[in-house]
$ cat coords-v5.cif   # mmCIF, C-alpha atoms
data_target
#
loop_
_atom_site.label_atom_id
_atom_site.label_comp_id
_atom_site.auth_asym_id
_atom_site.auth_seq_id
_atom_site.Cartn_x
_atom_site.Cartn_y
_atom_site.Cartn_z
CA MET A 1 5.39 165.07 92.82
CA SER A 2 7.48 167.86 91.35
CA ALA A 3 10.35 169.77 92.93
CA ASN A 4 8.48 173.01 92.21
CA ASP A 5 9.06 175.45 95.10
CA PRO A 6 6.27 178.05 95.10
CA PHE A 7 8.41 180.45 97.18
CA ALA A 8 11.61 180.27 95.12
CA ARG A 9 11.04 183.54 93.26
CA LEU A 10 9.32 185.49 96.04
CA PRO A 11 11.11 187.99 98.26
CA GLU A 12 12.63 186.36 101.33
CA ALA A 13 10.63 186.64 104.52
CA ALA A 14 11.14 185.73 108.16
CA SER A 15 9.95 182.33 109.28
CA PHE A 16 7.47 181.74 112.09
CA THR A 17 5.47 178.74 113.29
CA VAL A 18 2.16 177.28 112.15
CA THR A 19 0.68 174.09 113.59
CA SER A 20 -2.56 172.20 113.11
CA THR A 21 -4.62 169.70 115.04
CA THR A 22 -5.96 168.58 111.64
CA VAL A 23 -2.71 167.63 109.87
CA ALA A 24 0.96 167.29 110.81
CA ASP A 25 3.65 168.81 108.62
CA GLY A 26 4.46 166.35 105.82
CA ALA A 27 1.49 164.09 106.61
CA ALA A 28 -1.49 163.19 104.46
CA TRP A 29 -4.77 165.06 104.66
CA SER A 30 -7.58 163.25 106.43
CA PRO A 31 -10.70 162.44 104.35
CA GLU A 32 -12.47 165.58 105.65
CA GLN A 33 -9.90 167.79 103.87
CA PHE A 34 -10.48 166.04 100.54
CA SER A 35 -13.05 167.41 98.13
CA GLY A 36 -16.64 166.23 98.22
CA ILE A 37 -17.45 168.85 95.58
CA PHE A 38 -15.09 167.03 93.18
CA GLY A 39 -16.57 163.69 94.25
CA VAL A 40 -13.63 162.26 96.19
CA PRO A 41 -15.06 159.42 98.34
CA GLY A 42 -15.26 160.62 101.95
CA GLY A 43 -14.29 164.18 100.97
CA LYS A 44 -16.01 166.93 102.92
CA ASP A 45 -14.18 170.15 101.92
CA VAL A 46 -13.45 171.03 105.57
CA SER A 47 -10.67 173.58 106.02
CA PRO A 48 -7.91 172.65 108.48
CA GLN A 49 -7.52 174.01 112.00
CA LEU A 50 -4.51 176.34 112.14
CA SER A 51 -2.61 178.02 114.99
CA TRP A 52 0.43 180.25 114.58
CA SER A 53 2.96 182.05 116.75
CA GLY A 54 6.17 184.03 116.54
CA ALA A 55 5.16 186.40 113.74
CA PRO A 56 7.62 189.20 113.04
CA TYR A 57 7.40 192.56 114.80
CA GLY A 58 5.25 194.99 112.83
CA THR A 59 2.69 192.42 111.69
CA LYS A 60 -0.62 194.23 111.10
CA SER A 61 -2.62 191.41 109.52
CA TYR A 62 -2.41 187.87 108.20
CA ALA A 63 -3.50 186.03 105.10
CA VAL A 64 -3.85 182.26 104.80
CA THR A 65 -3.48 180.31 101.56
CA VAL A 66 -3.65 176.65 100.58
CA TYR A 67 -1.96 175.86 97.27
CA ASP A 68 -1.20 172.67 95.30
CA PRO A 69 1.77 173.29 92.97
CA ASP A 70 1.55 169.70 91.67
CA ALA A 71 -1.89 170.03 90.07
CA PRO A 72 -1.73 169.25 86.33
CA THR A 73 -2.69 172.73 85.22
CA GLY A 74 0.58 174.47 84.41
CA SER A 75 -0.16 176.93 87.21
CA GLY A 76 -1.01 174.73 90.20
CA PHE A 77 -4.33 174.97 92.02
CA TRP A 78 -5.43 177.42 94.74
CA HIS A 79 -7.71 175.68 97.25
CA TRP A 80 -8.22 178.50 99.75
CA ALA A 81 -7.29 182.11 100.36
CA VAL A 82 -8.27 184.28 103.33
CA ALA A 83 -7.29 187.95 103.60
CA ASP A 84 -7.33 190.65 106.28
CA ILE A 85 -7.09 188.41 109.34
CA PRO A 86 -6.46 190.87 112.22
CA ALA A 87 -2.99 190.77 113.80
CA THR A 88 -4.59 189.89 117.16
CA VAL A 89 -5.86 186.57 115.75
CA THR A 90 -3.53 183.56 115.87
CA GLU A 91 -5.88 180.68 115.14
CA LEU A 92 -8.56 179.54 112.70
CA PRO A 93 -10.88 176.69 113.74
CA GLU A 94 -11.38 173.63 111.59
CA GLY A 95 -14.18 174.36 109.12
CA ALA A 96 -13.66 178.15 109.13
CA GLY A 97 -13.44 178.00 105.34
CA ASP A 98 -17.02 176.91 104.71
CA GLY A 99 -19.22 178.79 102.26
CA THR A 100 -20.50 181.20 104.92
CA GLY A 101 -17.14 182.19 106.39
CA SER A 102 -18.84 182.29 109.78
CA GLY A 103 -15.79 180.71 111.44
CA LEU A 104 -13.52 183.54 110.30
CA PRO A 105 -12.66 186.45 112.60
CA GLU A 106 -14.37 189.79 112.08
CA GLY A 107 -12.85 191.63 109.12
CA ALA A 108 -11.37 188.52 107.47
CA TRP A 109 -12.80 187.31 104.18
CA GLN A 110 -12.33 184.53 101.61
CA LEU A 111 -11.29 185.09 98.03
CA PRO A 112 -12.61 182.88 95.24
CA ASN A 113 -10.35 179.84 94.80
CA ASP A 114 -9.61 178.19 91.45
CA THR A 115 -13.17 176.84 91.28
CA ARG A 116 -14.24 180.52 91.73
CA ALA A 117 -15.94 179.66 95.05
CA ALA A 118 -15.09 181.87 98.03
CA ARG A 119 -14.49 178.94 100.38
CA TYR A 120 -12.09 176.05 101.04
CA ILE A 121 -12.11 173.34 98.38
CA GLY A 122 -10.46 170.10 99.44
CA ALA A 123 -7.80 168.00 97.79
CA ALA A 124 -8.70 166.12 94.62
CA PRO A 125 -5.55 164.96 92.81
CA PRO A 126 -6.44 163.13 89.59
CA ALA A 127 -6.51 159.35 90.05
CA GLY A 128 -3.09 157.86 89.40
CA HIS A 129 -1.36 161.26 89.17
CA GLY A 130 0.79 160.52 92.20
CA PRO A 131 1.19 162.43 95.46
CA HIS A 132 0.50 166.14 95.59
CA ARG A 133 1.80 168.69 98.10
CA PHE A 134 -0.48 171.26 99.67
CA PHE A 135 1.28 174.33 101.00
CA ILE A 136 -0.70 175.75 103.91
CA VAL A 137 0.76 179.19 104.52
CA VAL A 138 0.12 181.93 107.04
CA HIS A 139 1.50 185.20 105.67
CA ALA A 140 2.36 187.98 108.17
CA LEU A 141 1.75 191.34 106.49
CA ASP A 142 2.77 194.93 107.24
CA VAL A 143 -0.67 196.34 106.36
CA ALA A 144 -4.00 195.98 108.18
CA SER A 145 -5.82 195.38 104.89
CA ILE A 146 -4.19 194.03 101.74
CA GLY A 147 -6.59 196.03 99.55
CA VAL A 148 -7.46 193.52 96.84
CA PRO A 149 -10.99 193.36 95.42
CA ALA A 150 -13.41 190.71 96.71
CA ASP A 151 -13.38 188.93 93.34
CA ALA A 152 -9.56 188.86 93.10
CA THR A 153 -7.81 185.57 92.47
CA PRO A 154 -5.45 184.03 95.02
CA ALA A 155 -2.63 184.61 92.51
CA PHE A 156 -3.41 188.35 92.53
CA LEU A 157 -3.49 188.27 96.32
CA GLY A 158 -0.03 186.67 96.27
CA PHE A 159 1.26 189.30 93.84
CA THR A 160 -0.08 192.08 96.05
CA MET A 161 1.28 190.49 99.25
CA ALA A 162 4.82 190.15 97.82
CA GLY A 163 5.72 193.71 98.80
CA HIS A 164 4.01 193.51 102.20
CA THR A 165 5.13 190.11 103.52
CA LEU A 166 7.12 190.24 106.75
CA GLY A 167 7.02 186.49 107.38
CA ARG A 168 5.69 183.12 106.26
CA ALA A 169 4.70 180.13 108.35
CA VAL A 170 4.46 177.00 106.20
CA LEU A 171 2.91 173.60 106.81
CA THR A 172 2.82 171.02 104.01
CA ALA A 173 0.15 168.33 103.68
CA THR A 174 0.01 165.61 101.05
CA ALA A 175 -2.72 163.81 99.15
CA GLU A 176 -2.98 161.12 96.51
CA THR A 177 -5.89 159.47 94.74
CA PRO A 178 -5.09 155.86 93.77
CA ALA A 179 -5.52 154.83 90.12
#
$ encode --input "coords-v5.cif" --output "structure tokens"
Amino acid sequence: MSANDPFARLPEAASFTVTSTTVADGAAWSPEQFSGIFGVPGGKDVSPQLSWSGAPYGTKSYAVTVYDPDAPTGSGFWHWAVADIPATVTELPEGAGDGTGSGLPEGAWQLPNDTRAARYIGAAPPAGHGPHRFFIVVHALDVASIGVPADATPAFLGFTMAGHTLGRAVLTATAETPA
């Protein structure tokens, strides 16, 4: 696991709280949050349940991202990105990140992840690569719509959000595939 901090070079933002009934901060993902698409035994590609509170005043929408900076790619791996979650919404149910997006609130939508699928893709660290961290982040934004195209990458979403982020709520999960 590297010391790479994915927020080190981003503008500072207020902190608020995100919790999950699926995973505790610093704990390992359950098998459901591992990737069945990548053939991890027991993996089901089920997005985590998330609840958040205490967002900064002026929040007009949220985005949610799940990112693994420890993936052996040189650029990490984006597992999930959701944009334009209305400011009145403070929870996503487990499984909201399926291929239909039917569990997302009206107006919210999923960007293609690093597999180019607009859905949640679970953890799949290479066997023997060691533990990986998964940053689950709720971003409080000062715009109702972030205005990125539907085929944008999560990295482009992050670039666009940098100037609109009022706050970040961060939960970190871990995963490892034994050798």
$ closest_residue --input "coords-v5.cif" --among "A:Val18, A:Ala118, A:Val46, A:Ala123" --to "Glu94 of chain A" --atoms "all atoms listed in the file"
A:Val46
$ closest_residue --input "coords-v5.cif" --among "A:Phe77, A:Tyr62, A:Tyr57, A:Phe134" --to "Arg168 of chain A" --atoms "all atoms listed in the file"
A:Tyr62
$ residues_around --input "coords-v5.cif" --residues "segment 59-61 of chain A" --least-positions-apart "6" --cutoff "12 Å" --atoms "only C-alpha atoms" --output "ChimeraX atom specification"
/A:14,16,53,82-90,105,107-108,138-147,161,164-168
$ write_last_selection --input "coords-v5.cif" --atoms "C-alpha atoms" --output "compact mmCIF listing (two decimals), keeping the file's coordinate frame"
# COMPACT_ATOMS: atom_id res chain seq x y z
CA ALA A 14 11.14 185.73 108.16
CA PHE A 16 7.47 181.74 112.09
CA SER A 53 2.96 182.05 116.75
CA VAL A 82 -8.27 184.28 103.33
CA ALA A 83 -7.29 187.95 103.60
CA ASP A 84 -7.33 190.65 106.28
CA ILE A 85 -7.09 188.41 109.34
CA PRO A 86 -6.46 190.87 112.22
CA ALA A 87 -2.99 190.77 113.80
CA THR A 88 -4.59 189.89 117.16
CA VAL A 89 -5.86 186.57 115.75
CA THR A 90 -3.53 183.56 115.87
CA PRO A 105 -12.66 186.45 112.60
CA GLY A 107 -12.85 191.63 109.12
CA ALA A 108 -11.37 188.52 107.47
CA VAL A 138 0.12 181.93 107.04
CA HIS A 139 1.50 185.20 105.67
CA ALA A 140 2.36 187.98 108.17
CA LEU A 141 1.75 191.34 106.49
CA ASP A 142 2.77 194.93 107.24
CA VAL A 143 -0.67 196.34 106.36
CA ALA A 144 -4.00 195.98 108.18
CA SER A 145 -5.82 195.38 104.89
CA ILE A 146 -4.19 194.03 101.74
CA GLY A 147 -6.59 196.03 99.55
CA MET A 161 1.28 190.49 99.25
CA HIS A 164 4.01 193.51 102.20
CA THR A 165 5.13 190.11 103.52
CA LEU A 166 7.12 190.24 106.75
CA GLY A 167 7.02 186.49 107.38
CA ARG A 168 5.69 183.12 106.26
$ residues_around --input "coords-v5.cif" --residues "Ser35 of chain A" --least-positions-apart "6" --cutoff "9 Å" --atoms "only C-alpha atoms" --output "PyMOL selection string"
chain A and resi 41-46+121-124
$ atom_distance --input "coords-v5.cif" --atom1 "atom CA of Gly158 of chain A" --atom2 "atom CA of Ala127 of chain A"
28.8 Å
$ resolve_selection --input "coords-v5.cif" --expression "the PyMOL selection byres ((chain A and resi 93) around 8)" --output "list in words"
Pro48, Gln49, Leu50, Glu91, Leu92, Glu94, Gly95, Ala96 and Gly103 of chain A
$ write_last_selection --input "coords-v5.cif" --atoms "C-alpha atoms" --output "short mmCIF file (atom, residue, chain, number, x, y, z; two decimals), in the coordinates of the input"
data_model
loop_
_atom_site.label_atom_id
_atom_site.label_comp_id
_atom_site.auth_asym_id
_atom_site.auth_seq_id
_atom_site.Cartn_x
_atom_site.Cartn_y
_atom_site.Cartn_z
CA PRO A 48 -7.91 172.65 108.48
CA GLN A 49 -7.52 174.01 112.00
CA LEU A 50 -4.51 176.34 112.14
CA GLU A 91 -5.88 180.68 115.14
CA LEU A 92 -8.56 179.54 112.70
CA GLU A 94 -11.38 173.63 111.59
CA GLY A 95 -14.18 174.36 109.12
CA ALA A 96 -13.66 178.15 109.13
CA GLY A 103 -15.79 180.71 111.44
#
$ atom_distance --input "coords-v5.cif" --atom1 "atom CA of Val40 of chain A" --atom2 "atom CA of Gly26 of chain A"
20.9 Å
$ build_atoms --input "coords-v5.cif" --residues "segment 41-52 of chain A" --atoms "all heavy atoms" --output "compact mmCIF listing (two decimals), in the coordinates of the input"
# COMPACT_ATOMS: atom_id res chain seq x y z
N PRO A 41 -14.36 160.18 97.30
CA PRO A 41 -15.06 159.42 98.34
C PRO A 41 -14.61 159.84 99.74
O PRO A 41 -13.41 159.88 100.03
CB PRO A 41 -14.69 157.97 98.04
CG PRO A 41 -14.36 157.96 96.58
CD PRO A 41 -13.73 159.30 96.31
N GLY A 42 -15.56 160.19 100.59
CA GLY A 42 -15.26 160.62 101.95
C GLY A 42 -14.89 162.09 102.07
O GLY A 42 -14.78 162.62 103.18
N GLY A 43 -14.67 162.77 100.95
CA GLY A 43 -14.29 164.18 100.97
C GLY A 43 -15.39 165.06 101.49
O GLY A 43 -16.56 164.86 101.16
N LYS A 44 -15.01 166.04 102.32
CA LYS A 44 -16.01 166.93 102.92
C LYS A 44 -15.69 168.41 102.77
O LYS A 44 -16.42 169.25 103.26
CB LYS A 44 -16.18 166.58 104.40
CG LYS A 44 -16.75 165.19 104.60
CD LYS A 44 -16.99 164.89 106.05
CE LYS A 44 -17.59 163.50 106.17
NZ LYS A 44 -17.52 162.97 107.51
N ASP A 45 -14.55 168.75 102.13
CA ASP A 45 -14.18 170.15 101.92
C ASP A 45 -14.16 170.94 103.23
O ASP A 45 -14.65 172.07 103.30
CB ASP A 45 -15.14 170.82 100.92
CG ASP A 45 -15.05 170.19 99.55
OD1 ASP A 45 -14.02 170.35 98.89
OD2 ASP A 45 -16.02 169.50 99.15
N VAL A 46 -13.56 170.37 104.27
CA VAL A 46 -13.45 171.03 105.57
C VAL A 46 -12.06 171.62 105.70
O VAL A 46 -11.06 170.90 105.63
CB VAL A 46 -13.72 170.04 106.73
CG1 VAL A 46 -13.51 170.71 108.07
CG2 VAL A 46 -15.14 169.49 106.63
N SER A 47 -11.97 172.93 105.88
CA SER A 47 -10.67 173.58 106.02
C SER A 47 -9.98 173.13 107.31
O SER A 47 -10.64 172.82 108.30
CB SER A 47 -10.82 175.10 105.98
OG SER A 47 -11.61 175.55 107.06
N PRO A 48 -8.65 173.12 107.31
CA PRO A 48 -7.91 172.65 108.48
C PRO A 48 -7.92 173.66 109.62
O PRO A 48 -8.03 174.88 109.39
CB PRO A 48 -6.49 172.46 107.95
CG PRO A 48 -6.38 173.47 106.85
CD PRO A 48 -7.75 173.50 106.21
N GLN A 49 -7.76 173.15 110.84
CA GLN A 49 -7.52 174.01 112.00
C GLN A 49 -6.08 174.50 111.88
O GLN A 49 -5.18 173.74 111.50
CB GLN A 49 -7.70 173.21 113.30
CG GLN A 49 -7.53 174.00 114.58
CD GLN A 49 -6.07 174.20 115.00
OE1 GLN A 49 -5.18 173.48 114.64
NE2 GLN A 49 -5.86 175.24 115.79
N LEU A 50 -5.85 175.76 112.18
CA LEU A 50 -4.51 176.34 112.14
C LEU A 50 -4.27 177.21 113.36
O LEU A 50 -5.16 177.95 113.78
CB LEU A 50 -4.34 177.21 110.88
CG LEU A 50 -4.53 176.52 109.53
CD1 LEU A 50 -4.52 177.54 108.41
CD2 LEU A 50 -3.47 175.45 109.32
N SER A 51 -3.06 177.14 113.91
CA SER A 51 -2.61 178.02 114.99
C SER A 51 -1.21 178.50 114.62
O SER A 51 -0.41 177.72 114.09
CB SER A 51 -2.52 177.28 116.32
OG SER A 51 -3.78 176.78 116.71
N TRP A 52 -0.90 179.75 114.91
CA TRP A 52 0.43 180.25 114.58
C TRP A 52 0.96 181.14 115.71
O TRP A 52 0.20 181.68 116.50
CB TRP A 52 0.44 180.97 113.24
CG TRP A 52 -0.54 182.08 113.07
CD1 TRP A 52 -0.35 183.40 113.35
CD2 TRP A 52 -1.89 181.98 112.57
NE1 TRP A 52 -1.47 184.14 113.04
CE2 TRP A 52 -2.43 183.28 112.57
CE3 TRP A 52 -2.67 180.92 112.12
CZ2 TRP A 52 -3.73 183.54 112.14
CZ3 TRP A 52 -3.96 181.19 111.70
CH2 TRP A 52 -4.48 182.48 111.71
